[in-house]
$ cat final_3.pdb   # PDB, C-alpha atoms
ATOM      1  CA  MET A  39      -5.389 -17.209  -9.657
ATOM      2  CA  TYR A  40      -3.740 -17.459  -6.290
ATOM      3  CA  SER A  41      -3.061 -14.426  -4.094
ATOM      4  CA  GLN A  42      -1.603 -14.078  -0.645
ATOM      5  CA  LEU A  43      -3.762 -11.573   1.211
ATOM      6  CA  ALA A  44      -1.963 -11.432   4.537
ATOM      7  CA  THR A  45       1.032 -13.060   6.145
ATOM      8  CA  LYS A  46       1.087 -11.440   9.601
ATOM      9  CA  LEU A  47      -2.014  -9.335   9.989
ATOM     10  CA  ALA A  48      -2.965  -8.344  13.533
ATOM     11  CA  VAL A  49      -6.660  -7.649  14.028
ATOM     12  CA  VAL A  50      -7.952  -6.056  17.231
ATOM     13  CA  ASN A  51     -11.533  -6.253  18.363
ATOM     14  CA  GLY A  52     -13.519  -3.174  17.460
ATOM     15  CA  THR A  53     -11.388  -2.314  14.433
ATOM     16  CA  ASN A  54     -12.190  -4.388  11.407
ATOM     17  CA  GLN A  55      -9.481  -4.887   8.853
ATOM     18  CA  TYR A  56      -9.694  -5.343   5.103
ATOM     19  CA  SER A  57      -7.554  -7.109   2.560
ATOM     20  CA  GLN A  58      -6.556  -5.587  -0.717
ATOM     21  CA  PRO A  59      -9.083  -6.170  -3.509
ATOM     22  CA  ILE A  60      -8.577  -9.185  -5.751
ATOM     23  CA  SER A  61      -9.831  -9.082  -9.326
ATOM     24  CA  MET A  62     -12.030 -11.996 -10.248
ATOM     25  CA  ALA A  63     -10.693 -11.611 -13.799
ATOM     26  CA  GLY A  64     -13.299 -13.854 -15.370
ATOM     27  CA  ALA A  65     -13.410 -16.264 -12.462
ATOM     28  CA  ASN A  66     -16.708 -16.976 -10.697
ATOM     29  CA  ALA A  67     -15.578 -18.961  -7.693
ATOM     30  CA  TYR A  68     -13.196 -18.411  -4.835
ATOM     31  CA  ARG A  69     -11.656 -20.342  -2.013
ATOM     32  CA  PHE A  70     -10.356 -18.392   0.952
ATOM     33  CA  SER A  71      -8.015 -19.854   3.534
ATOM     34  CA  ILE A  72      -7.047 -18.404   6.871
ATOM     35  CA  THR A  73      -4.414 -19.564   9.303
ATOM     36  CA  VAL A  74      -4.717 -18.104  12.790
ATOM     37  CA  PHE A  75      -1.352 -18.022  14.545
ATOM     38  CA  ASN A  76      -2.401 -16.388  17.783
ATOM     39  CA  ASN A  77      -5.756 -15.707  19.384
ATOM     40  CA  THR A  78      -6.341 -13.798  22.588
ATOM     41  CA  ALA A  79      -9.975 -13.127  21.694
ATOM     42  CA  THR A  80     -12.909 -15.458  21.193
ATOM     43  CA  SER A  81     -12.846 -16.033  17.468
ATOM     44  CA  LEU A  82     -12.545 -14.421  14.085
ATOM     45  CA  THR A  83     -15.255 -13.728  11.549
ATOM     46  CA  ALA A  84     -14.046 -13.367   7.982
ATOM     47  CA  THR A  85     -16.492 -11.836   5.539
ATOM     48  CA  PRO A  86     -15.785 -11.896   1.817
ATOM     49  CA  GLN A  87     -16.988  -8.720   0.143
ATOM     50  CA  GLY A  88     -17.697  -8.107  -3.514
ATOM     51  CA  SER A  89     -17.517  -4.912  -5.534
ATOM     52  CA  ASN A  90     -17.727  -3.711  -9.107
ATOM     53  CA  ASP A  91     -16.341  -0.208  -8.669
ATOM     54  CA  GLY A  92     -13.678  -0.911  -6.054
ATOM     55  CA  GLN A  93     -15.293   1.598  -3.712
ATOM     56  CA  ASN A  94     -18.563   0.186  -2.497
ATOM     57  CA  TRP A  95     -18.514  -3.330  -1.099
ATOM     58  CA  SER A  96     -21.280  -5.831  -0.396
ATOM     59  CA  ASP A  97     -20.990  -8.581   2.153
ATOM     60  CA  LEU A  98     -20.991 -12.144   0.858
ATOM     61  CA  THR A  99     -21.415 -15.220   3.006
ATOM     62  CA  ALA A 100     -19.274 -14.894   6.107
ATOM     63  CA  GLN A 101     -17.194 -17.548   7.783
ATOM     64  CA  SER A 102     -17.517 -17.270  11.536
ATOM     65  CA  SER A 103     -16.034 -18.901  14.622
ATOM     66  CA  ILE A 104     -12.579 -19.143  13.114
ATOM     67  CA  GLY A 105     -10.101 -20.214  15.765
ATOM     68  CA  LEU A 106      -6.477 -21.219  15.929
ATOM     69  CA  GLY A 107      -5.151 -23.141  12.991
ATOM     70  CA  TYR A 108      -6.244 -23.537   9.415
ATOM     71  CA  THR A 109      -9.711 -22.811   8.023
ATOM     72  CA  THR A 110     -10.787 -22.808   4.400
ATOM     73  CA  TRP A 111     -14.095 -22.253   2.669
ATOM     74  CA  ALA A 112     -15.318 -21.702  -0.852
ATOM     75  CA  ALA A 113     -18.168 -20.172  -2.801
ATOM     76  CA  THR A 114     -19.326 -20.294  -6.391
ATOM     77  CA  GLN A 115     -21.571 -18.155  -8.598
ATOM     78  CA  ILE A 116     -19.668 -15.002  -7.744
ATOM     79  CA  SER A 117     -20.577 -12.236 -10.175
ATOM     80  CA  HIS A 118     -18.597  -9.320  -8.774
ATOM     81  CA  ALA A 119     -15.618  -7.845 -10.562
ATOM     82  CA  MET A 120     -13.476  -8.034  -7.454
ATOM     83  CA  VAL A 121     -13.527  -9.438  -3.955
ATOM     84  CA  ARG A 122     -11.779  -8.707  -0.702
ATOM     85  CA  LEU A 123     -11.865 -10.064   2.818
ATOM     86  CA  MET A 124     -13.038  -8.221   5.928
ATOM     87  CA  TYR A 125     -11.710  -9.466   9.257
ATOM     88  CA  ALA A 126     -13.591  -8.898  12.510
ATOM     89  CA  VAL A 127     -12.585 -10.115  15.943
ATOM     90  CA  VAL A 128     -15.264 -11.512  18.225
ATOM     91  CA  GLY A 129     -14.583 -10.956  21.911
ATOM     92  CA  THR A 130     -11.855  -8.856  23.431
ATOM     93  CA  GLY A 131      -8.346  -9.387  22.198
ATOM     94  CA  THR A 132      -6.122  -9.665  19.154
ATOM     95  CA  ILE A 133      -5.848 -12.258  16.427
ATOM     96  CA  VAL A 134      -2.796 -12.648  14.217
ATOM     97  CA  LEU A 135      -3.408 -14.411  10.948
ATOM     98  CA  ALA A 136      -2.409 -15.213   7.409
ATOM     99  CA  ALA A 137      -4.899 -15.409   4.568
ATOM    100  CA  ASP A 138      -4.979 -16.309   0.913
ATOM    101  CA  VAL A 139      -7.477 -16.753  -1.870
ATOM    102  CA  TYR A 140      -7.705 -18.853  -4.987
ATOM    103  CA  THR A 141     -10.134 -17.732  -7.682
ATOM    104  CA  SER A 142     -11.217 -20.031 -10.472
ATOM    105  CA  GLN A 143     -13.783 -20.642 -13.203
ATOM    106  CA  GLN A 144     -16.334 -23.296 -12.201
TER     107      GLN A 144
ATOM    108  CA  MET B 169      53.538  14.185 -20.057
ATOM    109  CA  GLY B 170      56.713  12.078 -20.129
ATOM    110  CA  CYS B 171      60.054  12.541 -18.383
ATOM    111  CA  CYS B 172      62.024  13.598 -21.475
ATOM    112  CA  LYS B 173      61.558  14.995 -24.928
ATOM    113  CA  SER B 174      61.577  11.510 -26.541
ATOM    114  CA  CYS B 175      58.856  10.326 -24.259
ATOM    115  CA  ASP B 176      56.838  13.412 -25.050
ATOM    116  CA  GLU B 177      57.250  12.574 -28.722
ATOM    117  CA  GLY B 178      56.333   8.916 -28.209
ATOM    118  CA  LYS B 179      59.828   7.638 -29.027
ATOM    119  CA  ALA B 180      62.318   5.529 -26.993
ATOM    120  CA  CYS B 181      63.095   6.997 -23.585
ATOM    121  CA  GLU B 182      66.342   8.849 -23.212
ATOM    122  CA  GLY B 183      67.205   7.611 -19.754
ATOM    123  CA  GLY B 184      64.265   6.682 -17.536
ATOM    124  CA  LYS B 185      64.372   9.587 -15.163
ATOM    125  CA  ALA B 186      61.162   8.553 -13.528
ATOM    126  CA  ALA B 187      59.199   5.382 -13.020
ATOM    127  CA  ALA B 188      56.356   6.747 -15.088
ATOM    128  CA  CYS B 189      58.729   7.372 -17.919
ATOM    129  CA  ALA B 190      58.255   3.954 -19.477
ATOM    130  CA  THR B 191      54.643   4.642 -20.141
ATOM    131  CA  ARG B 192      53.501   5.721 -23.491
ATOM    132  CA  PRO B 193      51.917   9.131 -23.476
ATOM    133  CA  ASP B 194      48.762   7.786 -24.981
ATOM    134  CA  LEU B 195      48.418   5.026 -22.395
ATOM    135  CA  ILE B 196      45.645   5.541 -19.939
ATOM    136  CA  ILE B 197      46.393   4.076 -16.551
ATOM    137  CA  PRO B 198      43.220   2.711 -15.081
ATOM    138  CA  GLY B 199      42.299   4.111 -11.725
ATOM    139  CA  PRO B 200      39.716   2.902  -9.263
ATOM    140  CA  ASP B 201      36.480   1.764 -10.850
ATOM    141  CA  PRO B 202      34.346   4.804 -11.485
ATOM    142  CA  ALA B 203      31.003   4.956  -9.771
ATOM    143  CA  PRO B 204      28.093   3.924 -11.960
ATOM    144  CA  PRO B 205      26.265   6.887 -13.422
ATOM    145  CA  GLY B 206      23.731   8.240 -11.030
ATOM    146  CA  LEU B 207      25.141   6.551  -7.969
ATOM    147  CA  ILE B 208      25.213   8.727  -4.903
ATOM    148  CA  GLU B 209      27.170   7.274  -2.063
ATOM    149  CA  GLY B 210      24.983   6.603   0.910
ATOM    150  CA  ASP B 211      21.833   6.900  -1.108
ATOM    151  CA  PRO B 212      19.868   3.711  -0.457
ATOM    152  CA  GLU B 213      18.011   4.084  -3.712
ATOM    153  CA  ASN B 214      21.282   3.840  -5.642
ATOM    154  CA  SER B 215      23.501   1.715  -3.467
ATOM    155  CA  GLY B 216      21.945  -1.678  -3.700
ATOM    156  CA  GLY B 217      19.045  -1.085  -1.366
ATOM    157  CA  THR B 218      15.662  -1.968  -2.603
ATOM    158  CA  THR B 219      13.961   0.598  -4.752
ATOM    159  CA  ASP B 220      10.879  -1.475  -5.351
ATOM    160  CA  GLU B 221       8.131   0.202  -3.414
ATOM    161  CA  SER B 222       5.485  -1.877  -5.078
ATOM    162  CA  HIS B 223       3.467  -4.709  -3.606
ATOM    163  CA  PRO B 224       1.855  -7.478  -5.627
ATOM    164  CA  LEU B 225      -1.595  -6.441  -4.465
ATOM    165  CA  ILE B 226      -1.046  -2.676  -4.274
ATOM    166  CA  PRO B 227      -0.656  -1.301  -7.790
ATOM    167  CA  LEU B 228      -1.642   2.299  -7.112
ATOM    168  CA  ALA B 229       1.061   4.849  -6.367
ATOM    169  CA  LEU B 230       0.887   8.346  -4.935
ATOM    170  CA  ARG B 231       3.472  10.644  -6.499
ATOM    171  CA  PRO B 232       4.297  14.279  -5.803
ATOM    172  CA  ALA B 233       2.049  16.796  -7.498
ATOM    173  CA  ARG B 234      -0.169  14.112  -8.981
ATOM    174  CA  PRO B 235      -3.550  14.119  -7.247
ATOM    175  CA  LEU B 236      -4.976  10.643  -6.969
ATOM    176  CA  PRO B 237      -8.750  10.148  -6.767
ATOM    177  CA  LEU B 238      -9.271   7.349  -4.291
ATOM    178  CA  ASN B 239     -13.022   7.129  -4.710
ATOM    179  CA  ASP B 240     -15.727   9.263  -6.249
ATOM    180  CA  ARG B 241     -18.996   7.736  -5.006
ATOM    181  CA  LEU B 242     -18.344   5.912  -1.770
ATOM    182  CA  LYS B 243     -21.546   5.192   0.086
ATOM    183  CA  LEU B 244     -21.580   4.773   3.851
ATOM    184  CA  GLY B 245     -24.605   3.742   5.811
ATOM    185  CA  ASN B 246     -25.233   4.487   9.441
ATOM    186  CA  GLY B 247     -22.817   2.452  11.532
ATOM    187  CA  GLU B 248     -20.878   1.229   8.529
ATOM    188  CA  ALA B 249     -17.136   1.272   8.145
ATOM    189  CA  THR B 250     -14.913   0.519   5.215
ATOM    190  CA  ALA B 251     -11.396   0.985   3.914
ATOM    191  CA  SER B 252      -9.986   2.110   0.613
ATOM    192  CA  SER B 253      -7.450   0.184  -1.356
ATOM    193  CA  ALA B 254      -3.943   0.889  -0.180
ATOM    194  CA  LEU B 255      -1.484   2.779  -2.341
ATOM    195  CA  HIS B 256       2.257   2.949  -2.166
ATOM    196  CA  LEU B 257       4.214   6.144  -1.845
ATOM    197  CA  GLU B 258       6.766   7.248  -4.405
ATOM    198  CA  GLY B 259       8.736  10.158  -3.024
ATOM    199  CA  VAL B 260       5.858  11.455  -0.951
ATOM    200  CA  SER B 261       6.231  12.377   2.711
ATOM    201  CA  SER B 262       3.483  14.931   3.094
ATOM    202  CA  GLY B 263       0.332  16.064   1.426
ATOM    203  CA  SER B 264      -3.346  16.496   1.934
ATOM    204  CA  VAL B 265      -6.599  14.615   1.775
ATOM    205  CA  ASP B 266      -9.515  16.284   0.018
ATOM    206  CA  LEU B 267     -12.970  15.094   0.947
ATOM    207  CA  VAL B 268     -16.253  16.022  -0.631
ATOM    208  CA  VAL B 269     -19.425  14.810   1.039
ATOM    209  CA  PHE B 270     -22.212  14.842  -1.525
ATOM    210  CA  VAL B 271     -24.962  13.481   0.654
ATOM    211  CA  ALA B 272     -25.333  13.215   4.426
ATOM    212  CA  SER B 273     -28.894  12.115   4.976
ATOM    213  CA  SER B 274     -29.578  11.293   8.639
ATOM    214  CA  ILE B 275     -25.823  11.046   9.160
ATOM    215  CA  SER B 276     -24.404  13.192  11.938
ATOM    216  CA  SER B 277     -20.723  12.533  11.314
ATOM    217  CA  VAL B 278     -18.351  10.863   8.914
ATOM    218  CA  GLU B 279     -14.891  10.072  10.187
ATOM    219  CA  ALA B 280     -12.133   9.749   7.619
ATOM    220  CA  ILE B 281      -8.846   8.324   8.843
ATOM    221  CA  LEU B 282      -5.573   8.289   6.940
ATOM    222  CA  GLU B 283      -3.541   5.225   7.859
ATOM    223  CA  GLY B 284       0.043   4.270   7.078
ATOM    224  CA  GLY B 285       1.740   0.913   6.900
ATOM    225  CA  VAL B 286       4.981  -0.704   5.834
ATOM    226  CA  ASP B 287       4.017  -4.290   5.118
ATOM    227  CA  GLY B 288       0.836  -3.674   3.182
ATOM    228  CA  GLU B 289      -1.181  -5.535   5.810
ATOM    229  CA  ASN B 290      -1.043  -3.710   9.122
ATOM    230  CA  PHE B 291      -1.844  -0.005   9.251
ATOM    231  CA  SER B 292      -1.842   2.643  11.940
ATOM    232  CA  ARG B 293      -3.467   6.057  12.152
ATOM    233  CA  VAL B 294      -1.656   9.037  10.639
ATOM    234  CA  ALA B 295      -4.327  11.729  10.648
ATOM    235  CA  SER B 296      -8.078  11.999  10.683
ATOM    236  CA  MET B 297     -10.993  14.322  10.253
ATOM    237  CA  VAL B 298     -14.629  14.249  11.282
ATOM    238  CA  LEU B 299     -17.127  15.808   8.901
ATOM    239  CA  SER B 300     -20.541  16.713  10.133
ATOM    240  CA  SER B 301     -22.122  18.182   7.019
ATOM    241  CA  THR B 302     -22.010  18.081   3.254
ATOM    242  CA  GLY B 303     -19.349  20.002   1.400
ATOM    243  CA  PHE B 304     -15.601  20.116   1.010
ATOM    244  CA  ALA B 305     -12.967  19.556   3.661
ATOM    245  CA  ARG B 306      -9.217  19.103   3.617
ATOM    246  CA  PHE B 307      -6.730  17.857   6.120
ATOM    247  CA  ARG B 308      -2.978  17.709   5.786
ATOM    248  CA  PHE B 309      -0.308  15.246   6.755
ATOM    249  CA  ARG B 310       3.442  15.663   6.863
ATOM    250  CA  GLY B 311       6.614  13.894   7.836
ATOM    251  CA  ILE B 312       5.246  10.434   7.237
ATOM    252  CA  ARG B 313       7.702   7.573   6.939
ATOM    253  CA  PHE B 314       5.397   4.882   5.687
ATOM    254  CA  ARG B 315       5.547   2.768   2.581
ATOM    255  CA  PHE B 316       1.798   2.545   2.090
ATOM    256  CA  LEU B 317      -1.254   4.672   2.810
ATOM    257  CA  ARG B 318      -4.935   3.951   2.868
ATOM    258  CA  MET B 319      -8.112   5.629   4.062
ATOM    259  CA  THR B 320     -10.709   4.183   6.364
ATOM    260  CA  TYR B 321     -14.163   5.637   6.858
ATOM    261  CA  SER B 322     -17.017   5.274   9.282
ATOM    262  CA  ALA B 323     -20.380   6.981   9.530
ATOM    263  CA  SER B 324     -22.749   7.424  12.406
ATOM    264  CA  GLY B 325     -26.193   8.922  12.660
ATOM    265  CA  SER B 326     -29.746   7.685  12.615
ATOM    266  CA  PRO B 327     -31.014   4.333  11.343
ATOM    267  CA  GLY B 328     -31.286   4.428   7.574
ATOM    268  CA  GLY B 329     -28.804   7.269   7.296
ATOM    269  CA  VAL B 330     -26.644   7.485   4.205
ATOM    270  CA  ALA B 331     -23.579   9.472   3.237
ATOM    271  CA  VAL B 332     -21.875   9.576  -0.144
ATOM    272  CA  LEU B 333     -18.422  11.030  -0.504
ATOM    273  CA  ALA B 334     -15.345  11.327  -2.678
ATOM    274  CA  THR B 335     -11.691  11.411  -1.697
ATOM    275  CA  THR B 336      -8.612  12.712  -3.470
ATOM    276  CA  LEU B 337      -5.079  12.391  -2.144
ATOM    277  CA  ASN B 338      -2.425  14.963  -2.944
ATOM    278  CA  GLY B 339       1.217  14.200  -2.272
ATOM    279  CA  SER B 340       4.368  16.299  -2.007
ATOM    280  CA  ARG B 341       7.973  15.815  -0.950
ATOM    281  CA  ASN B 342       8.033  18.373   1.854
TER     282      ASN B 342
END
$ encode --input "final_3.pdb" --output "structure tokens"
Amino acid sequence: MYSQLATKLAVVNGTNQYSQPISMAGANAYRFSITVFNNTATSLTATPQGSNDGQNWSDLTAQSSIGLGYTTWAATQISHAMVRLMYAVVGTGTIVLAADVYTSQQ
Amino acid sequence: MGCCKSCDEGKACEGGKAAACATRPDLIIPGPDPAPPGLIEGDPENSGGTTDESHPLIPLALRPARPLPLNDRLKLGNGEATASSALHLEGVSSGSVDLVVFVASSISSVEAILEGGVDGENFSRVASMVLSSTGFARFRFRGIRFRFLRMTYSASGSPGGVAVLATTLNGSRN
């Protein structure tokens, strides 16, 4: 299932941001994509997080050093009921981005 | 009512004393289109403006007088921060946030921040509270003009510290 997580999210260093949770709904793989429109910082680290109760979240494998433009990455063997994305800015500045996710059964 | 006795009786007019005389008494002359039921002029909710407060990824709604448990066992470690799912507001412009901290082991403070947003992506601070011990606390908000709300949390203390808390949102129209 495809979901648009953000279309114009501004992330400032020191204040991590979080997407809305996405149900895995029987899927066990995901592919996240991020497009960075503007970057006045060093880079962006995007950390997928998994949860079963929708309250407590565990970090999954992060994608770091995301710069301007398009970045995509995928993971399989996901056993959480839902996932979300945490955005953290590295360096001082602001990053404006769009993000989406595609979950599937592998 | 017609212009003469014949008109009143629904028969041929006796002389056409008035322009309206030619009308049959049972004929209803249509006036301007009546307003659709429930339409209040100038009310954006009933005048073609969007009434859809939902968001494809934000299914939860906060409604007046319907307390909404946001979490009931949220764990925060020392130095950790997290955010709740966002929820959209349905007729709510004020309310309160109820927090219960069950455990605060080696945690000196838990900051709970209520944030508002309009696009479901970007949020800004509405109100906040810092809790420094276990127990119940409440803070209120009013006059908000946001479409969505969420809570963010952070905890600070000693290495290995843990806090567990629950949050309930209460909304009202005031």
$ residues_around --input "final_3.pdb" --residues "Thr80 in chain A" --least-positions-apart "3" --cutoff "9 Å" --atoms "only C-alpha atoms" --output "list in words"
Asn77, Ser103, Ile104, Gly105, Val127, Val128, Gly129, Thr130 and Gly131 of chain A
$ resolve_selection --input "final_3.pdb" --expression "the PyMOL selection byres ((chain A and resi 72) around 8)" --output "PDB file with C-alpha atoms, in the frame of the given file"
ATOM      1  CA  PHE A  70     -10.356 -18.392   0.952  1.00  0.00           C
ATOM      2  CA  SER A  71      -8.015 -19.854   3.534  1.00  0.00           C
ATOM      3  CA  THR A  73      -4.414 -19.564   9.303  1.00  0.00           C
ATOM      4  CA  VAL A  74      -4.717 -18.104  12.790  1.00  0.00           C
ATOM      5  CA  GLY A 107      -5.151 -23.141  12.991  1.00  0.00           C
ATOM      6  CA  TYR A 108      -6.244 -23.537   9.415  1.00  0.00           C
ATOM      7  CA  THR A 109      -9.711 -22.811   8.023  1.00  0.00           C
ATOM      8  CA  THR A 110     -10.787 -22.808   4.400  1.00  0.00           C
ATOM      9  CA  LEU A 135      -3.408 -14.411  10.948  1.00  0.00           C
ATOM     10  CA  ALA A 136      -2.409 -15.213   7.409  1.00  0.00           C
ATOM     11  CA  ALA A 137      -4.899 -15.409   4.568  1.00  0.00           C
ATOM     12  CA  ASP A 138      -4.979 -16.309   0.913  1.00  0.00           C
TER      13      ASP A 138
END
$ closest_atom_pairs --input "final_3.pdb" --of "chain A" --to "chain B" --cutoff "7 Å" --atoms "all atoms listed in the file" --output "tab-separated table"
residue	atom	partner	partner_atom	distance
A:Ala44	CA	B:Glu289	CA	6.1
A:Leu47	CA	B:Glu289	CA	5.7
A:Ala48	CA	B:Asn290	CA	6.7
A:Tyr56	CA	B:Ala251	CA	6.7
A:Gln58	CA	B:Ser253	CA	5.9
A:Pro59	CA	B:Ser253	CA	6.9
A:Gln93	CA	B:Leu242	CA	5.6
A:Asn94	CA	B:Leu242	CA	5.8
$ closest_residue --input "final_3.pdb" --among "B:Ser264, B:Ser277, B:Thr302, B:Ser292" --to "Phe316 in chain B" --atoms "all atoms listed in the file"
B:Ser292
$ resolve_selection --input "final_3.pdb" --expression "the PyMOL selection byres ((chain B and resi 294) around 6)" --output "VMD selection string"
chain B and resid 282 to 283 293 295
$ write_last_selection --input "final_3.pdb" --atoms "C-alpha atoms" --output "compact mmCIF listing (two decimals), keeping the file's coordinate frame"
# COMPACT_ATOMS: atom_id res chain seq x y z
CA LEU B 282 -5.57 8.29 6.94
CA GLU B 283 -3.54 5.22 7.86
CA ARG B 293 -3.47 6.06 12.15
CA ALA B 295 -4.33 11.73 10.65
$ atom_distance --input "final_3.pdb" --atom1 "CA of Ala100 in chain A" --atom2 "CA of Gly329 in chain B"
24.2 Å
$ atom_distance --input "final_3.pdb" --atom1 "CA of Asp91 in chain A" --atom2 "CA of Leu123 in chain A"
15.8 Å
$ closest_residue --input "final_3.pdb" --among "B:His223, B:Ser296, B:Ser276, B:Ser326" --to "Leu43 in chain A" --atoms "only C-alpha atoms"
B:His223
$ residues_around --input "final_3.pdb" --residues "Gly64 in chain A" --least-positions-apart "2" --cutoff "9 Å" --atoms "only C-alpha atoms" --output "ChimeraX atom specification"
/A:61-62,66,119,142-143
$ resolve_selection --input "final_3.pdb" --expression "the PyMOL selection byres ((chain B and resi 341) around 6)" --output "PDB file with C-alpha atoms, keeping the file's coordinate frame"
ATOM      1  CA  VAL B 260       5.858  11.455  -0.951  1.00  0.00           C
ATOM      2  CA  SER B 261       6.231  12.377   2.711  1.00  0.00           C
ATOM      3  CA  SER B 340       4.368  16.299  -2.007  1.00  0.00           C
ATOM      4  CA  ASN B 342       8.033  18.373   1.854  1.00  0.00           C
TER       5      ASN B 342
END
$ atom_distance --input "final_3.pdb" --atom1 "CA of Thr53 in chain A" --atom2 "CA of Val330 in chain B"
20.8 Å
$ closest_residue --input "final_3.pdb" --among "A:Asn90, A:Thr78, A:Thr83, A:Thr99" --to "Ala113 in chain A" --atoms "only C-alpha atoms"
A:Thr99
$ closest_residue --input "final_3.pdb" --among "B:Ile275, B:Met297, B:Leu267, B:Ile312" --to "Leu337 in chain B" --atoms "all atoms listed in the file"
B:Leu267
$ residues_near_point --input "final_3.pdb" --point "(-14.7, 16.7, 6.9)" --cutoff "10 Å" --atoms "all atoms listed in the file" --output "list in words"
Val265, Asp266, Leu267, Val268, Val269, Ser277, Val278, Glu279, Ala280, Ser296, Met297, Val298, Leu299, Ser300, Ser301, Thr302, Gly303, Phe304, Ala305, Arg306 and Phe307 of chain B
$ residues_near_point --input "final_3.pdb" --point "(-9.5, -9.5, 14.1)" --cutoff "6 Å" --atoms "all atoms listed in the file" --output "PyMOL selection string"
chain A and resi 49-51+82+125-127+133
$ write_last_selection --input "final_3.pdb" --atoms "C-alpha atoms" --output "PDB file, keeping the file's coordinate frame"
ATOM      1  CA  VAL A  49      -6.660  -7.649  14.028  1.00  0.00           C
ATOM      2  CA  VAL A  50      -7.952  -6.056  17.231  1.00  0.00           C
ATOM      3  CA  ASN A  51     -11.533  -6.253  18.363  1.00  0.00           C
ATOM      4  CA  LEU A  82     -12.545 -14.421  14.085  1.00  0.00           C
ATOM      5  CA  TYR A 125     -11.710  -9.466   9.257  1.00  0.00           C
ATOM      6  CA  ALA A 126     -13.591  -8.898  12.510  1.00  0.00           C
ATOM      7  CA  VAL A 127     -12.585 -10.115  15.943  1.00  0.00           C
ATOM      8  CA  ILE A 133      -5.848 -12.258  16.427  1.00  0.00           C
TER       9      ILE A 133
END
$ decode --input "final_3.pdb" --residues "range 266-278 of chain B" --atoms "C-alpha atoms" --output "CSV table (one decimal), in the first residue's frame"
chain,number,residue,atom,x,y,z
B,266,ASP,CA,-4.7,14.9,31.4
B,267,LEU,CA,-1.4,13.2,32.2
B,268,VAL,CA,-0.7,10.4,34.6
B,269,VAL,CA,2.9,9.4,35.2
B,270,PHE,CA,3.0,5.9,36.5
B,271,VAL,CA,6.7,5.5,36.8
B,272,ALA,CA,9.6,8.0,37.0
B,273,SER,CA,12.6,6.0,37.8
B,274,SER,CA,15.8,8.2,37.6
B,275,ILE,CA,13.8,10.7,35.6
B,276,SER,CA,13.9,14.2,36.8
B,277,SER,CA,11.4,15.7,34.4
B,278,VAL,CA,9.0,14.8,31.6
